Structures are given as C-alpha cells and as structure tokens.
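Undergrad: Pasting a structure below so you can have a look.
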Amino acid sequence: MGGMCPEGQEAQRGFLRAILIGCVLSVFTAVLEVRNMMVTIGTFLSYDASTPVAVFLIFFLGLGNLAVQRRWPRIALSPAELLLIFSMLIVANVLPTFGVIMRFIPIITGLQYFATNENGWIETIFPHARKWFLMTDADAVTGFYEGISKGKAIPWAAWVGPLAVWTVFFTACFLFILSLVTLFRRHWSERERLAYPLVQLPLAVAEERGGARFYADRLLWLGIAIPFILGSIKALHWYFPVVPDVVFFKHIPIFRNTMTITIWISFTALGISYFMGQDLAFSIWFFYLLLTLEQGIFNVTGVSLRQPVAFSEGRDIVSSQSAGAFLAFILFAVWESRASIREFVRAARRGEQGDEIFSPRTALVCLGVCGLLMLFFMRLSGIQVPVAIFLLVSIAAVYVGVAKSQALGGHVTGTSPVSPISVLTAFAGTHHFSPSTIVGFGMFTGVEREVITVNAVKLAEKRRWHGIFPLALVLSFLCCLCASYWMVIKLGYATGANNAHSWLFRSQPNSVWNFVRETIKYPTPPNPQAVTFMLGGGVVYFILAMMRFRLIWWPFHPLGFAFATVWFVISVWFSVFLGWLAKTLILRYAGVPMFRRMKGFFLGLILGQILCNVTWVLIDMALGTRGNDIFWW
C-alpha cells in the first residue's frame, strides 16, 4: 500500500459505488439509444467510435459532483471514480445500435422474415444456415417485425437460444479486444505518445478540485452555446415551421453528376480536429479532395472495377487504394510495437503484475482462450477451418488498426476502411468457399465493428486499478447488452420493427442476405483489379510513411490517405478542414499559450453539439415526436 498513489487508494475504496453508478447509467444508455432508433428516430446517439450519451452523462455527473463536493466533500466522487464511470459508459454507448445489437438482431431475424419465393433465399440460403445462430420461429419473427396486439405475451422463449449463443460470442470478442489493446497500450501511450483526442474531455471533467477550472471556463460555455443555439433553432423549426431552418450540409454534384462533394458542419468533428496532430488533420481533408478528384476522373473516363467490392461506398477504385493503405498501416503498427510486445511476453513468462489493467500473463491467456472461442463459433456457424482462421487473424488486425487510428484521430478515424470478408473475397474469390461458409460471412458481417476500448484503457493507465477495471467494463458490457436485448424485443413487439430505423431493420438484412444469395449462386474468381489497387495503396502508404519518418518538414500523415474514403470522412471532411485551419492560425499568429487557452472553447463545441442532440432527443421522446434529426456525427 505504501507505493500506491492517493488517487489509486481513492479508487480502491470507492470502486463499488462507481461500478454501481456505471452499471445503472449503462442500462439507461441502452434504453435511451434503442428507443431513439426504434420509436423516436431522432439524431443518432451512437455511431461507431462516437460516444455522445457517455459525454452527456459525464458532463452532468461532473457538474453535480462539483456541487456535492462544495457542500458534502466526503461523499463526492473522486477523479478516479469519475473516469471509471466514463470508461464503463464508453463501452455501453457503442453497443445498443450500430456497434452490435442493431446490426446482428436484424440479420438473425431478417433471413426468416424477408425470405420469399421471389428472392430465392429459401432454397439458396436456408439449407446451409446453422439454425442455432438464427431466429427460426416464424410466428415470433413475424410478431417482432409487425407487432402484436396488447395483452398478447411476448414469446421470450424463442429468443433465449440465439441470444445465449451470440452473448457468449460477443463477450469473447470484447475480452479479446480488451486483451489486444492492453498488449499495445504502453507503446502507443508512452513511446509514441499518441494524442487520444476523445479522452481530453473526461480528463478535464475529472481533474483535481472536481473539474472546477473546467466548468468555470467562459470559453467553454461560449463553445457550448454556438452549436446548442443553432441546433435548437433547427429543432424548433421541426415543431414550428415559422422558425427559420438552419442548414448544416449541402451536397454539390461534380464530375457530370457521377459523384457529390459534401459540405457538412459537424461541431464535434471540428472540435476533435483541434486535438489531433496537425499533419493528420491536414492529411484527412487533403487526401479526401485528392482521391475525390481521382475517382471523378475514373468516372468520366469510364474506368471502374468489374467486380465492385463491399467496402467501396460508391468509390470502388479509390476505396480499394485506401483499404490497401489501412492494411499497410496495421502492418506498420505491429512492426513498430514489436519491442514492447516482446517485453510484454517476457513479463508474462516471469509472472510480473506490471501496471496494465490485466497482468501480462492474464492478458495473453485471455487473448488465446477468447480467440479459440471465437474460432470455435465461426466453425460452428459453418465456416471452413482455414477461412475461419484467416478471419480471426484479419479481425484481430482490424481491431488493432482501428484502436490505433482512434487513438490518433478520435471518432473521425474510428471506422475501419476495410472489411476482412471483402479482402478475402478480393484476393481469393468465392468459388472455393462452401455455401455454409458464405452464409457464415453473412452472420458475422460487421463483427470487426465491435466495441473498441482503447480510450477506456488510456483513462485507466497508471491508476493501479488492475482487476477492478476489466471487471467494471465487463459488467457494463453485460448490463448494456441485456438491457438492449430487452428493449429491442419489447419495442419490436409493441410497435413493430418494420416501423423502426429503416436502414437498420430493413435495408441492412436485405443487403446482407442478398449478397449471400448472389455469392452462392454466382461464385467469382479473384478480383485482380481490386487487388492491384489495394497493393498500390499499400505502396503509397509505405512511401508516405518513409517520407514522414525521414523528413521533419513533411506535412502528410499517411493515415489520412487510408481514411480519405471512409463514409464518415466523406461527410465531415470540411469540418476537419475548419478545425485544422483554426489550429494553424492560432499557433502561427497567437502562439502556444493561446492554443492552450482555446482548448476549452473547442471542447465546448464538442459538448454543445452533444448536449443539443441528447437534450432534443429526450424532448422528442417526451412529446412523442418522430424524425427530428438535428446534427449528424
């Protein structure tokens, strides 16, 4: 105990209270997000790495804690407890909608509900599907999509089997990711000193003296006011058309209407860009414009891929280049961390505890056991053993790449530019795969988008939480998972999933299972065009990385090239440009002191958009309004 820092002692004494609060708020997060996507259909409260509900809750929790600290200091939450709660909420925020629940439930139910004689799923897909992964009770699925009359019981028993199977798989994935991030944490945080833009706000809220300096910053409140007022005017326009509308985006057709360029104001992206490295923020918008120009030239000259790839987002060729660049980024990330990984393995052999959230030995054992469990589930779904092994390795690689990219660029670079299944089918084709393997591809679509915990692990470093921290995250994960199950099923039978978010519950399952049907019926050879452009993108990344390492003045970060065609960047590139421009002008003409002074303002921009979105979603829910979409992420 003598070597434990005071903050660590506080965390040890108060962790039960913090974990209880975190679990309760995780359940609240699940209920709020699911109801929003299934009934209110308002502004997104979660999209990949963004955690608006977590930020909303920690902001008001910190504000309330500041008041308690002044009146009853003995019962106030410590900085360590606040950070533990926020770490739990990071996990909870991503689970209920696009991260996990509303991706897999529509897929496991949609095969049964949307199957018709016309689409051919019954004869093409059903014979090869492993039933324990799917909802096969036709009456239960129909009731879920169309609703049931009041007084009729929800058929919970029909859901128990599939949800139990997927819960074990998702929990194994979560622990697998947590172990992977632990393996790389020291190198990224202490040796590379990555920016971790998404942890700036919770660290400010939980600073010493209860965040008093943070909440007293007038620039913070000015930053909050701008997006909150503008967003509220737009929200009021929804209720009262006489109020003028505020337009935050415009699509401009270019290259003979073959594509569009989007001007979109996202205050969260603008604020996060202020905390990125200057070279990364510059490279994101620069390479977006460059690759848009390249794709436009291909469009007007008639050059296209003969076999479009699943990660293209409508930009087949340049998306293939970015995918190759991201694969090169992953290889570089592993290679640069090799010394730290060797140290970690040596520490595990010696049985050292270390200063990670897991001991090194526990992390490696967990990584191996959970990896084998994931492999077992893939094989159980019908995927051939060599393909399952490839998918496991490639999914782990994508987890590493997305974790590091989030540590560099926050939620702007929080979505993988590449799908492991797309890479596999581009390089190997599909003619060697069994029909059950292809059906397995459908069931595991998007599994690489599961919760990434890199920001939570960053918040835990040097706090000596050890076993407390992973326990808290797992409890938050399970509480949110179960609450999300309950809310999705309850609302499905009450209002009909057909009336929920159209892309999640209708377009997504139809897209996935149509892809599976087409792939089974029409096997394809390898895609040499896509492979060539992916390899070319990898070479470009290598050149950019080498130039960055050798030339101090080199302005480009190669990660910007890898993310230039991700849908999120396509939407918010202009906001990233504004953030980069503001930071450049402040540093050049006002200096570092003003840069530090202005941090509160840009944190306020992030907070203002989040507070506006969550506040109006709550108002819309109370008033029973539907479709009031203010800001997109």
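Residue names in the structure tokens use chain letters A, B, ... in the order shown, residue numbers from 1 in each chain, and ligand numbers from 1 in the order shown.
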Give me the residues within 12 Å of A:Pro244 as a ChimeraX atom specification, counting only C-alpha atoms and dropping any in the same chain fewer than 5 places off.
TA: /A:230-239
Undergrad: Those residues with N, CA and C atoms, as a PDB file, in the first residue's frame please?
TA:
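The resulting result-v6.pdb:
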ATOM      1  N   LEU A 230     -27.744  27.018 -32.331  1.00  0.00           N
ATOM      2  CA  LEU A 230     -28.041  26.740 -33.737  1.00  0.00           C
ATOM      3  C   LEU A 230     -28.843  25.450 -33.892  1.00  0.00           C
ATOM      4  N   GLY A 231     -28.439  24.411 -33.150  1.00  0.00           N
ATOM      5  CA  GLY A 231     -29.167  23.152 -33.226  1.00  0.00           C
ATOM      6  C   GLY A 231     -30.573  23.263 -32.677  1.00  0.00           C
ATOM      7  N   SER A 232     -30.758  24.061 -31.632  1.00  0.00           N
ATOM      8  CA  SER A 232     -32.088  24.234 -31.053  1.00  0.00           C
ATOM      9  C   SER A 232     -33.010  24.985 -32.008  1.00  0.00           C
ATOM     10  N   ILE A 233     -32.468  25.948 -32.739  1.00  0.00           N
ATOM     11  CA  ILE A 233     -33.283  26.638 -33.751  1.00  0.00           C
ATOM     12  C   ILE A 233     -33.762  25.650 -34.807  1.00  0.00           C
ATOM     13  N   LYS A 234     -32.847  24.765 -35.236  1.00  0.00           N
ATOM     14  CA  LYS A 234     -33.239  23.739 -36.225  1.00  0.00           C
ATOM     15  C   LYS A 234     -34.293  22.802 -35.640  1.00  0.00           C
ATOM     16  N   ALA A 235     -34.133  22.430 -34.378  1.00  0.00           N
ATOM     17  CA  ALA A 235     -35.110  21.546 -33.740  1.00  0.00           C
ATOM     18  C   ALA A 235     -36.472  22.223 -33.614  1.00  0.00           C
ATOM     19  N   LEU A 236     -36.479  23.507 -33.274  1.00  0.00           N
ATOM     20  CA  LEU A 236     -37.744  24.245 -33.163  1.00  0.00           C
ATOM     21  C   LEU A 236     -38.427  24.371 -34.524  1.00  0.00           C
ATOM     22  N   HIS A 237     -37.633  24.462 -35.580  1.00  0.00           N
ATOM     23  CA  HIS A 237     -38.209  24.508 -36.929  1.00  0.00           C
ATOM     24  C   HIS A 237     -39.027  23.251 -37.204  1.00  0.00           C
ATOM     25  N   TRP A 238     -38.597  22.119 -36.659  1.00  0.00           N
ATOM     26  CA  TRP A 238     -39.328  20.869 -36.848  1.00  0.00           C
ATOM     27  C   TRP A 238     -40.728  20.971 -36.232  1.00  0.00           C
ATOM     28  N   TYR A 239     -40.800  21.631 -35.091  1.00  0.00           N
ATOM     29  CA  TYR A 239     -42.091  21.786 -34.408  1.00  0.00           C
ATOM     30  C   TYR A 239     -42.905  22.963 -34.963  1.00  0.00           C
TER      31      TYR A 239
END
Undergrad: Within 12 Å of stretch 150-170 of chain A, which residues of stretch 377-466 of chain A show up? Give each one with its shortest atom-to-atom distance in Å (one decimal) and the two atoms involved, counting only C-alpha atoms, rows by chain then rising residue number, as JSON lines.
TA:
{"residue": "A:Phe377", "atom": "CA", "partner": "A:Phe169", "partner_atom": "CA", "distance": 7.0}
{"residue": "A:Met378", "atom": "CA", "partner": "A:Phe169", "partner_atom": "CA", "distance": 9.4}
{"residue": "A:Leu380", "atom": "CA", "partner": "A:Val165", "partner_atom": "CA", "distance": 10.6}
{"residue": "A:Ser381", "atom": "CA", "partner": "A:Val165", "partner_atom": "CA", "distance": 10.8}
{"residue": "A:Met443", "atom": "CA", "partner": "A:Trp166", "partner_atom": "CA", "distance": 10.5}
{"residue": "A:Phe444", "atom": "CA", "partner": "A:Trp166", "partner_atom": "CA", "distance": 10.5}
{"residue": "A:Val447", "atom": "CA", "partner": "A:Phe170", "partner_atom": "CA", "distance": 8.8}
{"residue": "A:Glu448", "atom": "CA", "partner": "A:Phe170", "partner_atom": "CA", "distance": 11.1}
{"residue": "A:Arg449", "atom": "CA", "partner": "A:Phe170", "partner_atom": "CA", "distance": 11.3}
{"residue": "A:Glu450", "atom": "CA", "partner": "A:Phe170", "partner_atom": "CA", "distance": 8.1}
{"residue": "A:Val451", "atom": "CA", "partner": "A:Phe170", "partner_atom": "CA", "distance": 9.5}
Undergrad: Kindly export the residues of the current selection with N, CA, C and O atoms, as a PDB file, in the first residue's frame.
TA:
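Once everything was written out, this is selection_32.pdb:
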ATOM      1  N   PHE A 377     -16.774 -20.659 -32.615  1.00  0.00           N
ATOM      2  CA  PHE A 377     -18.091 -20.183 -33.033  1.00  0.00           C
ATOM      3  C   PHE A 377     -18.154 -19.993 -34.545  1.00  0.00           C
ATOM      4  O   PHE A 377     -19.181 -20.276 -35.171  1.00  0.00           O
ATOM      5  N   MET A 378     -17.077 -19.518 -35.142  1.00  0.00           N
ATOM      6  CA  MET A 378     -17.063 -19.367 -36.598  1.00  0.00           C
ATOM      7  C   MET A 378     -17.183 -20.732 -37.272  1.00  0.00           C
ATOM      8  O   MET A 378     -17.911 -20.885 -38.266  1.00  0.00           O
ATOM      9  N   LEU A 380     -18.543 -23.366 -35.919  1.00  0.00           N
ATOM     10  CA  LEU A 380     -19.879 -23.846 -35.610  1.00  0.00           C
ATOM     11  C   LEU A 380     -20.920 -23.253 -36.563  1.00  0.00           C
ATOM     12  O   LEU A 380     -21.933 -23.884 -36.868  1.00  0.00           O
ATOM     13  N   SER A 381     -20.647 -22.048 -37.054  1.00  0.00           N
ATOM     14  CA  SER A 381     -21.579 -21.406 -37.980  1.00  0.00           C
ATOM     15  C   SER A 381     -21.500 -21.981 -39.391  1.00  0.00           C
ATOM     16  O   SER A 381     -22.305 -21.621 -40.245  1.00  0.00           O
ATOM     17  N   MET A 443     -23.645 -13.928 -41.409  1.00  0.00           N
ATOM     18  CA  MET A 443     -23.941 -13.829 -39.979  1.00  0.00           C
ATOM     19  C   MET A 443     -22.896 -13.007 -39.237  1.00  0.00           C
ATOM     20  O   MET A 443     -23.208 -12.333 -38.250  1.00  0.00           O
ATOM     21  N   PHE A 444     -21.646 -13.046 -39.690  1.00  0.00           N
ATOM     22  CA  PHE A 444     -20.582 -12.330 -38.986  1.00  0.00           C
ATOM     23  C   PHE A 444     -20.231 -11.004 -39.660  1.00  0.00           C
ATOM     24  O   PHE A 444     -19.179 -10.425 -39.389  1.00  0.00           O
ATOM     25  N   VAL A 447     -18.613  -7.801 -37.673  1.00  0.00           N
ATOM     26  CA  VAL A 447     -18.105  -8.161 -36.347  1.00  0.00           C
ATOM     27  C   VAL A 447     -16.853  -7.356 -36.000  1.00  0.00           C
ATOM     28  O   VAL A 447     -16.547  -7.111 -34.833  1.00  0.00           O
ATOM     29  N   GLU A 448     -16.132  -6.882 -37.037  1.00  0.00           N
ATOM     30  CA  GLU A 448     -14.942  -6.065 -36.773  1.00  0.00           C
ATOM     31  C   GLU A 448     -15.299  -4.682 -36.234  1.00  0.00           C
ATOM     32  O   GLU A 448     -14.412  -3.916 -35.838  1.00  0.00           O
ATOM     33  N   ARG A 449     -16.600  -4.336 -36.194  1.00  0.00           N
ATOM     34  CA  ARG A 449     -17.026  -3.040 -35.678  1.00  0.00           C
ATOM     35  C   ARG A 449     -17.353  -3.101 -34.191  1.00  0.00           C
ATOM     36  O   ARG A 449     -17.866  -2.146 -33.627  1.00  0.00           O
ATOM     37  N   GLU A 450     -17.100  -4.251 -33.548  1.00  0.00           N
ATOM     38  CA  GLU A 450     -17.433  -4.375 -32.125  1.00  0.00           C
ATOM     39  C   GLU A 450     -16.672  -3.343 -31.305  1.00  0.00           C
ATOM     40  O   GLU A 450     -15.774  -2.665 -31.794  1.00  0.00           O
ATOM     41  N   VAL A 451     -17.028  -3.258 -30.035  1.00  0.00           N
ATOM     42  CA  VAL A 451     -16.535  -2.203 -29.150  1.00  0.00           C
ATOM     43  C   VAL A 451     -15.009  -2.143 -29.138  1.00  0.00           C
ATOM     44  O   VAL A 451     -14.346  -3.146 -28.916  1.00  0.00           O
TER      45      VAL A 451
END
Undergrad: Would you please work out which residue, of A:Val365, A:Trp616, A:Pro127, A:Arg74, is nearest to A:Arg349 when using only C-alpha atoms?
TA: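 Of the candidates, the smallest distance to A:Arg349 is held by A:Val365.
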Undergrad: Excluding A:Thr258 and any residue of its chain fewer than 4 positions from it, enumerate the residues within 12 Å of it, using only C-alpha atoms, and give them as a list in words.
TA: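 Counting only the stated atoms, we get Ile252, Pro253, Ile254, Thr292, Leu293, Gln295, Gly296, Ile297, Phe298, Asn299, Val300, Thr301, Gly302, Gly314 and Arg315 of chain A.
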Undergrad: How about saving the chosen residues, all heavy atoms kept, as a compact mmCIF listing (two decimals), in the first residue's frame?
TA:
# COMPACT_ATOMS: atom_id res chain seq x y z
N ILE A 252 -22.95 18.84 -53.30
CA ILE A 252 -22.66 19.50 -54.57
C ILE A 252 -22.29 18.45 -55.61
O ILE A 252 -21.27 17.76 -55.46
CB ILE A 252 -21.51 20.52 -54.41
CG1 ILE A 252 -21.85 21.53 -53.30
CG2 ILE A 252 -21.22 21.22 -55.73
CD1 ILE A 252 -20.68 22.42 -52.94
N PRO A 253 -23.10 18.27 -56.66
CA PRO A 253 -22.76 17.28 -57.69
C PRO A 253 -21.53 17.72 -58.49
O PRO A 253 -21.37 18.90 -58.82
CB PRO A 253 -24.01 17.23 -58.57
CG PRO A 253 -24.71 18.53 -58.33
CD PRO A 253 -24.38 18.94 -56.93
N ILE A 254 -20.66 16.78 -58.78
CA ILE A 254 -19.44 17.06 -59.54
C ILE A 254 -19.21 15.94 -60.54
O ILE A 254 -19.83 14.88 -60.47
CB ILE A 254 -18.21 17.22 -58.62
CG1 ILE A 254 -18.05 15.99 -57.73
CG2 ILE A 254 -18.32 18.49 -57.77
CD1 ILE A 254 -16.80 16.02 -56.85
N THR A 292 -11.03 12.15 -54.26
CA THR A 292 -12.28 12.50 -54.94
C THR A 292 -12.00 12.91 -56.39
O THR A 292 -12.72 12.52 -57.31
CB THR A 292 -12.99 13.65 -54.20
OG1 THR A 292 -13.35 13.21 -52.88
CG2 THR A 292 -14.25 14.09 -54.93
N LEU A 293 -10.95 13.69 -56.57
CA LEU A 293 -10.54 14.08 -57.92
C LEU A 293 -10.16 12.85 -58.74
O LEU A 293 -10.56 12.71 -59.91
CB LEU A 293 -9.36 15.05 -57.84
CG LEU A 293 -8.70 15.45 -59.17
CD1 LEU A 293 -9.69 16.23 -60.04
CD2 LEU A 293 -7.44 16.28 -58.91
N GLN A 295 -11.17 9.67 -58.31
CA GLN A 295 -12.34 8.86 -58.63
C GLN A 295 -13.20 9.56 -59.69
O GLN A 295 -13.76 8.90 -60.57
CB GLN A 295 -13.18 8.62 -57.37
CG GLN A 295 -14.39 7.73 -57.60
CD GLN A 295 -14.03 6.30 -57.95
OE1 GLN A 295 -13.31 5.63 -57.21
NE2 GLN A 295 -14.51 5.81 -59.09
N GLY A 296 -13.29 10.88 -59.62
CA GLY A 296 -14.06 11.62 -60.62
C GLY A 296 -13.48 11.45 -62.01
O GLY A 296 -14.23 11.29 -62.99
N ILE A 297 -12.17 11.48 -62.12
CA ILE A 297 -11.53 11.27 -63.43
C ILE A 297 -11.82 9.87 -63.95
O ILE A 297 -12.12 9.67 -65.13
CB ILE A 297 -10.01 11.52 -63.32
CG1 ILE A 297 -9.73 13.00 -63.03
CG2 ILE A 297 -9.30 11.07 -64.60
CD1 ILE A 297 -8.30 13.31 -62.72
N PHE A 298 -11.75 8.86 -63.06
CA PHE A 298 -12.08 7.50 -63.47
C PHE A 298 -13.54 7.42 -63.93
O PHE A 298 -13.86 6.72 -64.90
CB PHE A 298 -11.85 6.52 -62.32
CG PHE A 298 -10.40 6.21 -62.06
CD1 PHE A 298 -9.88 6.24 -60.77
CD2 PHE A 298 -9.55 5.88 -63.11
CE1 PHE A 298 -8.54 5.95 -60.53
CE2 PHE A 298 -8.21 5.58 -62.88
CZ PHE A 298 -7.71 5.62 -61.59
N ASN A 299 -14.43 8.12 -63.22
CA ASN A 299 -15.85 8.07 -63.58
C ASN A 299 -16.11 8.62 -64.99
O ASN A 299 -16.83 8.01 -65.79
CB ASN A 299 -16.68 8.85 -62.57
CG ASN A 299 -16.77 8.16 -61.23
OD1 ASN A 299 -16.40 7.00 -61.09
ND2 ASN A 299 -17.26 8.86 -60.22
N VAL A 300 -15.55 9.79 -65.27
CA VAL A 300 -15.85 10.42 -66.57
C VAL A 300 -15.11 9.74 -67.71
O VAL A 300 -15.49 9.90 -68.88
CB VAL A 300 -15.51 11.93 -66.54
CG1 VAL A 300 -16.37 12.66 -65.52
CG2 VAL A 300 -14.04 12.19 -66.28
N THR A 301 -14.06 8.99 -67.41
CA THR A 301 -13.35 8.26 -68.46
C THR A 301 -13.83 6.82 -68.59
O THR A 301 -13.31 6.06 -69.42
CB THR A 301 -11.83 8.28 -68.21
OG1 THR A 301 -11.55 7.75 -66.90
CG2 THR A 301 -11.29 9.69 -68.32
N GLY A 302 -14.77 6.41 -67.74
CA GLY A 302 -15.37 5.08 -67.85
C GLY A 302 -14.57 3.96 -67.22
O GLY A 302 -14.84 2.79 -67.50
N GLY A 314 -19.40 3.34 -52.96
CA GLY A 314 -19.63 4.01 -54.24
C GLY A 314 -18.39 4.58 -54.87
O GLY A 314 -18.46 5.22 -55.91
N ARG A 315 -17.22 4.38 -54.26
CA ARG A 315 -15.95 4.88 -54.80
C ARG A 315 -15.00 3.68 -54.93
O ARG A 315 -14.01 3.57 -54.21
CB ARG A 315 -15.36 5.95 -53.89
CG ARG A 315 -16.29 7.16 -53.71
CD ARG A 315 -15.72 8.19 -52.76
NE ARG A 315 -16.60 9.36 -52.70
CZ ARG A 315 -16.18 10.62 -52.66
NH1 ARG A 315 -14.90 10.89 -52.67
NH2 ARG A 315 -17.04 11.61 -52.58
Undergrad: Please identify all polymer residues within 9 Å of A:Thr519, counting only C-alpha atoms, omitting same-chain residues fewer than 3 positions from it, and present them as a count of residues only.
TA: 10
Undergrad: Compare A:Arg213, A:Lys458, A:Arg218, A:His187 by their minimum atom-to-atom distance to A:Leu84, counting only C-alpha atoms, and give me the closest one.
TA: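 For A:Leu84, the nearest of the given residues is A:Lys458.
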Undergrad: Would you mind listing what lies within 8 Å of A:Phe556 as a list of chain:residue names, with only C-alpha atoms counted and same-chain residues fewer than 6 positions away left out?
TA: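 Once the adjacent positions are removed, what remains is A:Asp279, A:Leu280, A:Phe282, A:Ser283, A:Leu544, A:Arg548.
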Undergrad: For the residues in that selection, give me all heavy atoms as a PDB file, in the first residue's frame.
TA:
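After the write, result-v4.pdb holds the following:
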ATOM      1  N   ASP A 279      -0.565  17.335 -38.778  1.00  0.00           N
ATOM      2  CA  ASP A 279      -0.352  16.635 -40.043  1.00  0.00           C
ATOM      3  C   ASP A 279      -1.494  15.683 -40.363  1.00  0.00           C
ATOM      4  O   ASP A 279      -1.892  15.537 -41.522  1.00  0.00           O
ATOM      5  CB  ASP A 279       0.988  15.889 -40.041  1.00  0.00           C
ATOM      6  CG  ASP A 279       1.129  14.917 -38.873  1.00  0.00           C
ATOM      7  OD1 ASP A 279       0.301  14.979 -37.939  1.00  0.00           O
ATOM      8  OD2 ASP A 279       2.073  14.108 -38.892  1.00  0.00           O
ATOM      9  N   LEU A 280      -2.072  15.053 -39.337  1.00  0.00           N
ATOM     10  CA  LEU A 280      -3.182  14.136 -39.585  1.00  0.00           C
ATOM     11  C   LEU A 280      -4.434  14.907 -40.018  1.00  0.00           C
ATOM     12  O   LEU A 280      -5.102  14.523 -40.987  1.00  0.00           O
ATOM     13  CB  LEU A 280      -3.482  13.305 -38.336  1.00  0.00           C
ATOM     14  CG  LEU A 280      -4.677  12.359 -38.447  1.00  0.00           C
ATOM     15  CD1 LEU A 280      -4.514  11.394 -39.618  1.00  0.00           C
ATOM     16  CD2 LEU A 280      -4.873  11.585 -37.143  1.00  0.00           C
ATOM     17  N   PHE A 282      -4.628  17.826 -41.444  1.00  0.00           N
ATOM     18  CA  PHE A 282      -4.396  18.320 -42.803  1.00  0.00           C
ATOM     19  C   PHE A 282      -4.545  17.196 -43.828  1.00  0.00           C
ATOM     20  O   PHE A 282      -5.180  17.361 -44.872  1.00  0.00           O
ATOM     21  CB  PHE A 282      -3.003  18.939 -42.895  1.00  0.00           C
ATOM     22  CG  PHE A 282      -2.563  19.245 -44.298  1.00  0.00           C
ATOM     23  CD1 PHE A 282      -3.095  20.309 -45.001  1.00  0.00           C
ATOM     24  CD2 PHE A 282      -1.615  18.444 -44.924  1.00  0.00           C
ATOM     25  CE1 PHE A 282      -2.702  20.588 -46.301  1.00  0.00           C
ATOM     26  CE2 PHE A 282      -1.201  18.703 -46.223  1.00  0.00           C
ATOM     27  CZ  PHE A 282      -1.746  19.785 -46.913  1.00  0.00           C
ATOM     28  N   SER A 283      -3.976  16.038 -43.517  1.00  0.00           N
ATOM     29  CA  SER A 283      -3.966  14.935 -44.484  1.00  0.00           C
ATOM     30  C   SER A 283      -5.359  14.368 -44.725  1.00  0.00           C
ATOM     31  O   SER A 283      -5.663  13.921 -45.837  1.00  0.00           O
ATOM     32  CB  SER A 283      -3.029  13.821 -43.992  1.00  0.00           C
ATOM     33  OG  SER A 283      -1.707  14.303 -43.880  1.00  0.00           O
ATOM     34  N   LEU A 544       4.647   7.291 -48.135  1.00  0.00           N
ATOM     35  CA  LEU A 544       4.286   8.418 -47.271  1.00  0.00           C
ATOM     36  C   LEU A 544       4.862   8.247 -45.873  1.00  0.00           C
ATOM     37  O   LEU A 544       5.334   9.211 -45.251  1.00  0.00           O
ATOM     38  CB  LEU A 544       2.763   8.543 -47.194  1.00  0.00           C
ATOM     39  CG  LEU A 544       2.035   8.983 -48.470  1.00  0.00           C
ATOM     40  CD1 LEU A 544       0.526   8.847 -48.298  1.00  0.00           C
ATOM     41  CD2 LEU A 544       2.407  10.418 -48.823  1.00  0.00           C
ATOM     42  N   ARG A 548       7.642  10.612 -44.006  1.00  0.00           N
ATOM     43  CA  ARG A 548       7.323  11.240 -42.713  1.00  0.00           C
ATOM     44  C   ARG A 548       8.390  10.944 -41.673  1.00  0.00           C
ATOM     45  O   ARG A 548       8.720  11.794 -40.839  1.00  0.00           O
ATOM     46  CB  ARG A 548       5.961  10.718 -42.231  1.00  0.00           C
ATOM     47  CG  ARG A 548       5.474  11.364 -40.944  1.00  0.00           C
ATOM     48  CD  ARG A 548       4.018  10.997 -40.687  1.00  0.00           C
ATOM     49  NE  ARG A 548       3.523  11.632 -39.483  1.00  0.00           N
ATOM     50  CZ  ARG A 548       3.483  11.048 -38.284  1.00  0.00           C
ATOM     51  NH1 ARG A 548       3.893   9.799 -38.159  1.00  0.00           N
ATOM     52  NH2 ARG A 548       3.032  11.696 -37.233  1.00  0.00           N
TER      53      ARG A 548
END
Undergrad: Residues near stretch 481-491 of chain A, anyone? I mean within 9 Å using only C-alpha atoms, not counting same-chain ones fewer than 4 positions away, as number ranges by chain.
TA: A: 26-31, 33-35, 38-39, 92, 95-97, 100-102, 105, 144, 147, 154, 156, 159, 163, 167, 476-477, 495-497
Undergrad: Near stretch 382-398 of chain A, within 10 Å and counting only C-alpha atoms, which residues show up once chain neighbours fewer than 3 positions away are dropped, as a PyMOL selection string?
TA: chain A and resi 128-130+173+176-177+180+326-327+330-331+333-334+371-372+374-379+401-404+415-421+423-424+433-441+444+446-449
Undergrad: Smallest atom-to-atom distance to A:Arg597: which of A:Val205, A:Arg517, A:Leu219, A:Trp132, using only C-alpha atoms?
TA: A:Leu219
Undergrad: For A:Ser50, which residue out of A:Phe15, A:Pro227, A:Asn93, A:Gln321 is the nearest one, using only C-alpha atoms?
TA: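 The answer is A:Asn93, which sits nearest to A:Ser50.
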Undergrad: Give me the residues of stretch 268-334 of chain A that have any atom at most 12 Å from an atom of stretch 584-588 of chain A; for each, the nearest atom pair and the distance in Å, rounded to one decimal. Use only C-alpha atoms, sort by chain and number, and format it as CSV.
TA:
residue,atom,partner,partner_atom,distance
A:Ser273,CA,A:Thr584,CA,11.1
A:Tyr274,CA,A:Thr584,CA,9.2
A:Phe275,CA,A:Thr584,CA,11.7
A:Met276,CA,A:Thr584,CA,11.7
A:Gly277,CA,A:Thr584,CA,10.8
A:Gln278,CA,A:Thr584,CA,7.7
A:Asp279,CA,A:Thr584,CA,10.5
A:Ala281,CA,A:Thr584,CA,10.4
A:Phe282,CA,A:Thr584,CA,9.8
Undergrad: Restricting the output to N, CA and C atoms, write the selected residues as an mmCIF file, in the first residue's frame.
TA:
data_model
loop_
_atom_site.group_PDB
_atom_site.id
_atom_site.type_symbol
_atom_site.label_atom_id
_atom_site.label_comp_id
_atom_site.auth_asym_id
_atom_site.auth_seq_id
_atom_site.Cartn_x
_atom_site.Cartn_y
_atom_site.Cartn_z
ATOM 1 N N SER A 273 -10.798 17.747 -34.274
ATOM 2 C CA SER A 273 -9.664 18.057 -35.152
ATOM 3 C C SER A 273 -8.662 18.974 -34.476
ATOM 4 N N TYR A 274 -9.132 19.807 -33.557
ATOM 5 C CA TYR A 274 -8.243 20.716 -32.831
ATOM 6 C C TYR A 274 -7.265 19.942 -31.947
ATOM 7 N N PHE A 275 -7.654 18.734 -31.529
ATOM 8 C CA PHE A 275 -6.804 17.945 -30.631
ATOM 9 C C PHE A 275 -6.023 16.860 -31.362
ATOM 10 N N MET A 276 -6.214 16.742 -32.676
ATOM 11 C CA MET A 276 -5.399 15.829 -33.489
ATOM 12 C C MET A 276 -4.031 16.450 -33.745
ATOM 13 N N GLY A 277 -3.121 15.614 -34.242
ATOM 14 C CA GLY A 277 -1.893 16.155 -34.791
ATOM 15 C C GLY A 277 -2.196 16.983 -36.026
ATOM 16 N N GLN A 278 -1.449 18.069 -36.216
ATOM 17 C CA GLN A 278 -1.696 18.944 -37.362
ATOM 18 C C GLN A 278 -1.560 18.213 -38.690
ATOM 19 N N ASP A 279 -0.565 17.335 -38.778
ATOM 20 C CA ASP A 279 -0.352 16.635 -40.043
ATOM 21 C C ASP A 279 -1.494 15.683 -40.363
ATOM 22 N N ALA A 281 -4.768 15.983 -39.310
ATOM 23 C CA ALA A 281 -5.949 16.771 -39.673
ATOM 24 C C ALA A 281 -5.818 17.310 -41.101
ATOM 25 N N PHE A 282 -4.628 17.826 -41.444
ATOM 26 C CA PHE A 282 -4.396 18.320 -42.803
ATOM 27 C C PHE A 282 -4.545 17.196 -43.828
#
